[in-house]
Amino acid sequence: MIEMQNITKYYDNFRALNNFNLKVEKGEILGLLGPNGAGKTTAMRILTCFLPASSGKASVAGFDIFEDSVEVRRRLGYLPETPPLYPEMSVNSYLNFVGEIRELPKSVRKQRIGYVCERIGLDAYKGRVINTLSKGYRQRVGLAQALLHNPEVLILDEPTVGLDPNQIIEIRNLVKDLAQDHTIILSTHILPEVSMTCGRVVIINEGEIAAVDSVQNLEKNATGRPAWKIVLKAPDNFDWQTIVNKAPDAQINDLIQGDASEFKLRLNRSEDFDDLFKVLTKENCIFREITPIKATLEDVFLKITLGEERKENA
């Protein structure tokens, strides 16, 4: 559905994208992550024909973005970070105006406005002036203009920025629902949104793709040494060196001693935990909590974009 091959983009002497390669399948929700200045917006602007690349090839639904840009635009819906709204217009008038620009026949415009507004929860607001709507509903209007011409591909840039938790959940559910009929690229700084919405993630750093995989695989591969959060009640005068004596590779971090002591435990192998559990039980330690510590998408993101391994006790 979407393919970018060796896309490079220069702004004067600054290289914003370097040999950028990306493929998105039909019906996929792809998350695009990266720090500020990584090249996400440049990549989206090239795909949406707002910006030419310095070199490379790209296509959307089989049409070359350079040679068939008009056809590409017909198949794309784009919601930029700041929706292109006219606040003094009503929702219906604005969408009708967008339909005219999209060269939709009048009968088709009316049908599509009705369908899109019902689909994304704007039906009761069509007569409202955009300036009187909440930020969440203005965001929906922006999404409506991107959907109006029934594009095969949706590109959404920070669709939940500035929204409250309830509005974020509403937009998230909308995006998931839209994936039934559209291929979606979602760019955001809100990492939990990517975890809960996207089937696959691309992490961009310094104009290059640093990682591409499912959220689950990225987290799994970044976990490193097995680790647990332990809360236990130890007997008086318990010697914490016992753990290290019985498991020389054990690493204890963030020890908080009290009636119930809490700490992070890392071992070289998960299998070693069973032996250590038996030892501590024989020492009359009472376990109150054992929680495996797993890497999150945030851990993966920081590891990649900072260019270094996170510390074991982070």
# chains A, B, ... in the order shown; residues from 1 in each chain; ligands from 1

call {"tool": "residues_around", "arguments": {"residues": "Ala53 (chain A)", "least_positions_apart": "4", "cutoff": "7 Å", "atoms": "only C-alpha atoms", "output": "PyMOL selection string"}}
result
chain A and resi 7-9+46

call {"tool": "write_last_selection", "arguments": {"atoms": "N, CA and C atoms", "output": "JSON list (two decimals), in the first residue's frame"}}
result
[["chain", "number", "residue", "atom", "x", "y", "z"],
["A", 7, "ILE", "N", 14.72, 6.98, 0.41],
["A", 7, "ILE", "CA", 14.35, 8.41, 0.41],
["A", 7, "ILE", "C", 15.38, 9.20, 1.23],
["A", 8, "THR", "N", 15.94, 10.21, 0.60],
["A", 8, "THR", "CA", 16.87, 11.12, 1.27],
["A", 8, "THR", "C", 16.37, 12.55, 1.06],
["A", 9, "LYS", "N", 16.45, 13.35, 2.12],
["A", 9, "LYS", "CA", 16.01, 14.73, 2.03],
["A", 9, "LYS", "C", 17.02, 15.65, 2.68],
["A", 46, "ILE", "N", 6.68, 14.31, 2.74],
["A", 46, "ILE", "CA", 7.07, 13.74, 1.44],
["A", 46, "ILE", "C", 5.98, 12.79, 0.95]]

call {"tool": "closest_atom_pairs", "arguments": {"of": "region 76-154 of chain A", "to": "region 171-183 of chain A", "cutoff": "8 Å", "atoms": "only C-alpha atoms", "output": "Markdown table"}}
result
| residue | atom | partner | partner_atom | distance |
| --- | --- | --- | --- | --- |
| A:Ile120 | CA | A:Leu174 | CA | 6.7 |
| A:Arg140 | CA | A:Ile171 | CA | 7.9 |
| A:Pro151 | CA | A:His182 | CA | 7.3 |
| A:Glu152 | CA | A:His182 | CA | 5.2 |
| A:Val153 | CA | A:Thr183 | CA | 4.7 |
| A:Leu154 | CA | A:Thr183 | CA | 6.1 |

call {"tool": "select_by_dssp", "arguments": {"residues": "region 171-241 of chain A", "states": "strand (DSSP E or B)", "output": "PyMOL selection string"}}
result
chain A and resi 183-187+200-205+208-213+227-233

call {"tool": "closest_residue", "arguments": {"among": "A:Cys49, A:Val141, A:Val231, A:Leu148", "to": "Leu122 (chain A)", "atoms": "only C-alpha atoms"}}
result
A:Val141

call {"tool": "residues_around", "arguments": {"residues": "Asp299 (chain A)", "least_positions_apart": "2", "cutoff": "9 Å", "atoms": "only C-alpha atoms", "output": "compact mmCIF listing (two decimals) with all heavy atoms, in the first residue's frame"}}
result
# COMPACT_ATOMS: atom_id res chain seq x y z
N GLU A 219 9.77 -4.79 22.90
CA GLU A 219 9.88 -4.85 24.35
C GLU A 219 10.61 -6.12 24.79
O GLU A 219 11.45 -6.09 25.69
CB GLU A 219 8.49 -4.78 24.99
CG GLU A 219 7.82 -3.43 24.81
CD GLU A 219 6.40 -3.39 25.35
OE1 GLU A 219 5.83 -4.49 25.59
OE2 GLU A 219 5.86 -2.30 25.52
N ALA A 222 14.37 -5.97 24.27
CA ALA A 222 15.08 -4.96 25.05
C ALA A 222 15.14 -5.28 26.54
O ALA A 222 15.71 -4.52 27.32
CB ALA A 222 14.42 -3.60 24.86
N THR A 223 14.56 -6.39 26.94
CA THR A 223 14.44 -6.68 28.37
C THR A 223 15.80 -6.89 29.04
O THR A 223 16.04 -6.43 30.15
CB THR A 223 13.55 -7.92 28.59
OG1 THR A 223 12.25 -7.63 28.12
CG2 THR A 223 13.49 -8.28 30.06
N ALA A 295 10.72 -4.72 30.01
CA ALA A 295 10.99 -3.47 29.30
C ALA A 295 9.69 -2.94 28.70
O ALA A 295 8.83 -3.70 28.27
CB ALA A 295 12.02 -3.69 28.21
N THR A 296 9.54 -1.63 28.69
CA THR A 296 8.39 -0.99 28.06
C THR A 296 8.83 -0.34 26.76
O THR A 296 10.03 -0.26 26.45
CB THR A 296 7.80 0.10 28.99
OG1 THR A 296 8.79 1.14 29.15
CG2 THR A 296 7.44 -0.49 30.35
N LEU A 297 7.86 0.13 25.99
CA LEU A 297 8.19 0.84 24.75
C LEU A 297 9.02 2.08 25.06
O LEU A 297 9.89 2.46 24.27
CB LEU A 297 6.91 1.22 24.01
CG LEU A 297 7.09 1.84 22.62
CD1 LEU A 297 7.88 0.92 21.70
CD2 LEU A 297 5.73 2.18 22.01
N PHE A 301 12.51 3.03 23.37
CA PHE A 301 12.67 4.34 22.73
C PHE A 301 13.90 5.06 23.28
O PHE A 301 14.72 5.59 22.52
CB PHE A 301 11.40 5.17 22.98
CG PHE A 301 11.43 6.53 22.33
CD1 PHE A 301 11.08 6.68 21.00
CD2 PHE A 301 11.80 7.65 23.05
CE1 PHE A 301 11.10 7.94 20.41
CE2 PHE A 301 11.83 8.90 22.46
CZ PHE A 301 11.47 9.04 21.14
N LEU A 302 14.06 5.08 24.60
CA LEU A 302 15.20 5.77 25.20
C LEU A 302 16.51 5.09 24.84
O LEU A 302 17.51 5.76 24.56
CB LEU A 302 15.03 5.82 26.72
CG LEU A 302 13.91 6.72 27.25
CD1 LEU A 302 13.76 6.55 28.75
CD2 LEU A 302 14.16 8.17 26.89
N LYS A 303 16.50 3.77 24.85
CA LYS A 303 17.71 3.03 24.52
C LYS A 303 18.18 3.35 23.10
O LYS A 303 19.37 3.57 22.85
CB LYS A 303 17.44 1.53 24.66
CG LYS A 303 18.60 0.65 24.23
CD LYS A 303 18.22 -0.81 24.38
CE LYS A 303 19.32 -1.72 23.84
NZ LYS A 303 18.96 -3.15 23.98
N ILE A 304 17.23 3.40 22.17
CA ILE A 304 17.58 3.64 20.77
C ILE A 304 17.95 5.09 20.52
O ILE A 304 18.96 5.39 19.87
CB ILE A 304 16.41 3.21 19.85
CG1 ILE A 304 16.28 1.68 19.87
CG2 ILE A 304 16.62 3.71 18.43
CD1 ILE A 304 15.08 1.16 19.12
N ARG A 310 20.43 1.29 28.62
CA ARG A 310 19.97 1.86 29.88
C ARG A 310 20.69 1.14 31.02
O ARG A 310 21.02 -0.04 30.95
CB ARG A 310 18.46 1.67 30.04
CG ARG A 310 17.68 2.37 28.97
CD ARG A 310 16.23 2.50 29.38
NE ARG A 310 16.11 3.50 30.44
CZ ARG A 310 14.99 3.72 31.12
NH1 ARG A 310 13.95 2.98 30.89
NH2 ARG A 310 14.94 4.65 32.05

call {"tool": "closest_residue", "arguments": {"among": "A:Leu156, A:Ala234, A:Ala211, A:Val60", "to": "Ala260 (chain A)", "atoms": "only C-alpha atoms"}}
result
A:Ala234

call {"tool": "closest_residue", "arguments": {"among": "A:Gly77, A:Pro84, A:Pro192, A:Pro105", "to": "Glu298 (chain A)", "atoms": "only C-alpha atoms"}}
result
A:Pro192

call {"tool": "atom_distance", "arguments": {"atom1": "CA of Arg128 (chain A)", "atom2": "CA of Arg74 (chain A)"}}
result
27.8 Å

call {"tool": "residues_around", "arguments": {"residues": "Gly199 (chain A)", "least_positions_apart": "5", "cutoff": "8 Å", "atoms": "only C-alpha atoms", "output": "list in words"}}
result
Glu28, Ile29, Leu30, Gly31, Ser214 and Val215 of chain A

call {"tool": "closest_residue", "arguments": {"among": "A:Val194, A:Thr132, A:Val98, A:Leu186", "to": "Ala144 (chain A)", "atoms": "only C-alpha atoms"}}
result
A:Val98

call {"tool": "decode", "arguments": {"residues": "region 168-182 of chain A", "atoms": "all heavy atoms", "output": "PDB file, in the first residue's frame"}}
result
ATOM      1  N   ILE A 168      -8.746  11.367  24.563  1.00  0.00           N
ATOM      2  CA  ILE A 168      -7.704  10.499  23.995  1.00  0.00           C
ATOM      3  C   ILE A 168      -8.264   9.102  23.747  1.00  0.00           C
ATOM      4  O   ILE A 168      -8.033   8.492  22.690  1.00  0.00           O
ATOM      5  CB  ILE A 168      -6.478  10.442  24.934  1.00  0.00           C
ATOM      6  CG1 ILE A 168      -5.727  11.774  24.894  1.00  0.00           C
ATOM      7  CG2 ILE A 168      -5.546   9.289  24.536  1.00  0.00           C
ATOM      8  CD1 ILE A 168      -4.591  11.873  25.886  1.00  0.00           C
ATOM      9  N   ILE A 169      -9.025   8.584  24.711  1.00  0.00           N
ATOM     10  CA  ILE A 169      -9.613   7.256  24.559  1.00  0.00           C
ATOM     11  C   ILE A 169     -10.581   7.241  23.379  1.00  0.00           C
ATOM     12  O   ILE A 169     -10.609   6.289  22.581  1.00  0.00           O
ATOM     13  CB  ILE A 169     -10.333   6.839  25.858  1.00  0.00           C
ATOM     14  CG1 ILE A 169      -9.297   6.600  26.966  1.00  0.00           C
ATOM     15  CG2 ILE A 169     -11.162   5.570  25.636  1.00  0.00           C
ATOM     16  CD1 ILE A 169      -9.901   6.384  28.337  1.00  0.00           C
ATOM     17  N   GLU A 170     -11.373   8.304  23.233  1.00  0.00           N
ATOM     18  CA  GLU A 170     -12.326   8.384  22.128  1.00  0.00           C
ATOM     19  C   GLU A 170     -11.614   8.380  20.774  1.00  0.00           C
ATOM     20  O   GLU A 170     -12.010   7.650  19.852  1.00  0.00           O
ATOM     21  CB  GLU A 170     -13.176   9.652  22.266  1.00  0.00           C
ATOM     22  CG  GLU A 170     -14.140   9.617  23.449  1.00  0.00           C
ATOM     23  CD  GLU A 170     -14.830  10.951  23.676  1.00  0.00           C
ATOM     24  OE1 GLU A 170     -14.496  11.911  22.947  1.00  0.00           O
ATOM     25  OE2 GLU A 170     -15.696  11.038  24.553  1.00  0.00           O
ATOM     26  N   ILE A 171     -10.566   9.198  20.646  1.00  0.00           N
ATOM     27  CA  ILE A 171      -9.822   9.257  19.382  1.00  0.00           C
ATOM     28  C   ILE A 171      -9.112   7.932  19.117  1.00  0.00           C
ATOM     29  O   ILE A 171      -9.067   7.445  17.969  1.00  0.00           O
ATOM     30  CB  ILE A 171      -8.814  10.422  19.397  1.00  0.00           C
ATOM     31  CG1 ILE A 171      -9.540  11.774  19.489  1.00  0.00           C
ATOM     32  CG2 ILE A 171      -7.941  10.385  18.150  1.00  0.00           C
ATOM     33  CD1 ILE A 171     -10.433  12.086  18.305  1.00  0.00           C
ATOM     34  N   ARG A 172      -8.567   7.331  20.168  1.00  0.00           N
ATOM     35  CA  ARG A 172      -7.892   6.031  20.015  1.00  0.00           C
ATOM     36  C   ARG A 172      -8.862   4.994  19.462  1.00  0.00           C
ATOM     37  O   ARG A 172      -8.521   4.233  18.536  1.00  0.00           O
ATOM     38  CB  ARG A 172      -7.347   5.576  21.359  1.00  0.00           C
ATOM     39  CG  ARG A 172      -6.613   4.225  21.310  1.00  0.00           C
ATOM     40  CD  ARG A 172      -6.475   3.637  22.700  1.00  0.00           C
ATOM     41  NE  ARG A 172      -5.900   4.593  23.620  1.00  0.00           N
ATOM     42  CZ  ARG A 172      -6.127   4.550  24.940  1.00  0.00           C
ATOM     43  NH1 ARG A 172      -6.925   3.646  25.450  1.00  0.00           N
ATOM     44  NH2 ARG A 172      -5.558   5.424  25.725  1.00  0.00           N
ATOM     45  N   ASN A 173     -10.060   4.941  20.030  1.00  0.00           N
ATOM     46  CA  ASN A 173     -11.054   3.977  19.558  1.00  0.00           C
ATOM     47  C   ASN A 173     -11.474   4.272  18.120  1.00  0.00           C
ATOM     48  O   ASN A 173     -11.718   3.349  17.330  1.00  0.00           O
ATOM     49  CB  ASN A 173     -12.272   3.977  20.485  1.00  0.00           C
ATOM     50  CG  ASN A 173     -11.953   3.397  21.857  1.00  0.00           C
ATOM     51  OD1 ASN A 173     -11.020   2.609  22.002  1.00  0.00           O
ATOM     52  ND2 ASN A 173     -12.714   3.788  22.861  1.00  0.00           N
ATOM     53  N   LEU A 174     -11.550   5.552  17.779  1.00  0.00           N
ATOM     54  CA  LEU A 174     -11.875   5.933  16.400  1.00  0.00           C
ATOM     55  C   LEU A 174     -10.817   5.424  15.424  1.00  0.00           C
ATOM     56  O   LEU A 174     -11.141   4.874  14.368  1.00  0.00           O
ATOM     57  CB  LEU A 174     -11.986   7.452  16.288  1.00  0.00           C
ATOM     58  CG  LEU A 174     -13.340   8.092  16.590  1.00  0.00           C
ATOM     59  CD1 LEU A 174     -13.214   9.604  16.560  1.00  0.00           C
ATOM     60  CD2 LEU A 174     -14.378   7.626  15.591  1.00  0.00           C
ATOM     61  N   VAL A 175      -9.557   5.616  15.778  1.00  0.00           N
ATOM     62  CA  VAL A 175      -8.459   5.191  14.903  1.00  0.00           C
ATOM     63  C   VAL A 175      -8.510   3.684  14.695  1.00  0.00           C
ATOM     64  O   VAL A 175      -8.366   3.179  13.565  1.00  0.00           O
ATOM     65  CB  VAL A 175      -7.099   5.625  15.488  1.00  0.00           C
ATOM     66  CG1 VAL A 175      -5.952   4.987  14.705  1.00  0.00           C
ATOM     67  CG2 VAL A 175      -6.968   7.141  15.470  1.00  0.00           C
ATOM     68  N   LYS A 176      -8.730   2.938  15.779  1.00  0.00           N
ATOM     69  CA  LYS A 176      -8.824   1.483  15.657  1.00  0.00           C
ATOM     70  C   LYS A 176      -9.980   1.090  14.743  1.00  0.00           C
ATOM     71  O   LYS A 176      -9.860   0.178  13.915  1.00  0.00           O
ATOM     72  CB  LYS A 176      -9.004   0.853  17.035  1.00  0.00           C
ATOM     73  CG  LYS A 176      -7.771   0.888  17.922  1.00  0.00           C
ATOM     74  CD  LYS A 176      -8.077   0.214  19.249  1.00  0.00           C
ATOM     75  CE  LYS A 176      -6.865   0.188  20.154  1.00  0.00           C
ATOM     76  NZ  LYS A 176      -7.170  -0.450  21.455  1.00  0.00           N
ATOM     77  N   ASP A 177     -11.101   1.780  14.902  1.00  0.00           N
ATOM     78  CA  ASP A 177     -12.276   1.480  14.093  1.00  0.00           C
ATOM     79  C   ASP A 177     -12.027   1.794  12.618  1.00  0.00           C
ATOM     80  O   ASP A 177     -12.433   1.044  11.723  1.00  0.00           O
ATOM     81  CB  ASP A 177     -13.470   2.277  14.615  1.00  0.00           C
ATOM     82  CG  ASP A 177     -14.753   1.940  13.865  1.00  0.00           C
ATOM     83  OD1 ASP A 177     -15.103   0.752  13.783  1.00  0.00           O
ATOM     84  OD2 ASP A 177     -15.400   2.882  13.356  1.00  0.00           O
ATOM     85  N   LEU A 178     -11.316   2.899  12.363  1.00  0.00           N
ATOM     86  CA  LEU A 178     -11.053   3.303  10.985  1.00  0.00           C
ATOM     87  C   LEU A 178     -10.120   2.337  10.262  1.00  0.00           C
ATOM     88  O   LEU A 178     -10.118   2.266   9.028  1.00  0.00           O
ATOM     89  CB  LEU A 178     -10.459   4.715  10.964  1.00  0.00           C
ATOM     90  CG  LEU A 178     -11.416   5.840  11.359  1.00  0.00           C
ATOM     91  CD1 LEU A 178     -10.648   7.147  11.540  1.00  0.00           C
ATOM     92  CD2 LEU A 178     -12.513   6.006  10.321  1.00  0.00           C
ATOM     93  N   ALA A 179      -9.315   1.591  11.027  1.00  0.00           N
ATOM     94  CA  ALA A 179      -8.368   0.649  10.415  1.00  0.00           C
ATOM     95  C   ALA A 179      -9.074  -0.482   9.678  1.00  0.00           C
ATOM     96  O   ALA A 179      -8.456  -1.186   8.886  1.00  0.00           O
ATOM     97  CB  ALA A 179      -7.434   0.083  11.482  1.00  0.00           C
ATOM     98  N   GLN A 180     -10.376  -0.642   9.923  1.00  0.00           N
ATOM     99  CA  GLN A 180     -11.117  -1.669   9.191  1.00  0.00           C
ATOM    100  C   GLN A 180     -11.207  -1.335   7.697  1.00  0.00           C
ATOM    101  O   GLN A 180     -11.323  -2.230   6.860  1.00  0.00           O
ATOM    102  CB  GLN A 180     -12.519  -1.796   9.776  1.00  0.00           C
ATOM    103  CG  GLN A 180     -12.554  -2.217  11.234  1.00  0.00           C
ATOM    104  CD  GLN A 180     -13.979  -2.239  11.781  1.00  0.00           C
ATOM    105  OE1 GLN A 180     -14.919  -2.575  11.061  1.00  0.00           O
ATOM    106  NE2 GLN A 180     -14.144  -1.874  13.040  1.00  0.00           N
ATOM    107  N   ASP A 181     -11.161  -0.039   7.395  1.00  0.00           N
ATOM    108  CA  ASP A 181     -11.332   0.382   5.998  1.00  0.00           C
ATOM    109  C   ASP A 181     -10.154   1.178   5.443  1.00  0.00           C
ATOM    110  O   ASP A 181     -10.162   1.532   4.259  1.00  0.00           O
ATOM    111  CB  ASP A 181     -12.588   1.259   5.877  1.00  0.00           C
ATOM    112  CG  ASP A 181     -13.835   0.566   6.405  1.00  0.00           C
ATOM    113  OD1 ASP A 181     -14.089  -0.570   5.979  1.00  0.00           O
ATOM    114  OD2 ASP A 181     -14.534   1.157   7.255  1.00  0.00           O
ATOM    115  N   HIS A 182      -9.171   1.496   6.281  1.00  0.00           N
ATOM    116  CA  HIS A 182      -8.082   2.364   5.841  1.00  0.00           C
ATOM    117  C   HIS A 182      -6.739   1.852   6.363  1.00  0.00           C
ATOM    118  O   HIS A 182      -6.669   1.217   7.419  1.00  0.00           O
ATOM    119  CB  HIS A 182      -8.288   3.796   6.347  1.00  0.00           C
ATOM    120  CG  HIS A 182      -9.626   4.370   6.031  1.00  0.00           C
ATOM    121  ND1 HIS A 182      -9.893   5.035   4.851  1.00  0.00           N
ATOM    122  CD2 HIS A 182     -10.782   4.370   6.733  1.00  0.00           C
ATOM    123  CE1 HIS A 182     -11.158   5.421   4.841  1.00  0.00           C
ATOM    124  NE2 HIS A 182     -11.724   5.040   5.977  1.00  0.00           N
TER     125      HIS A 182
END
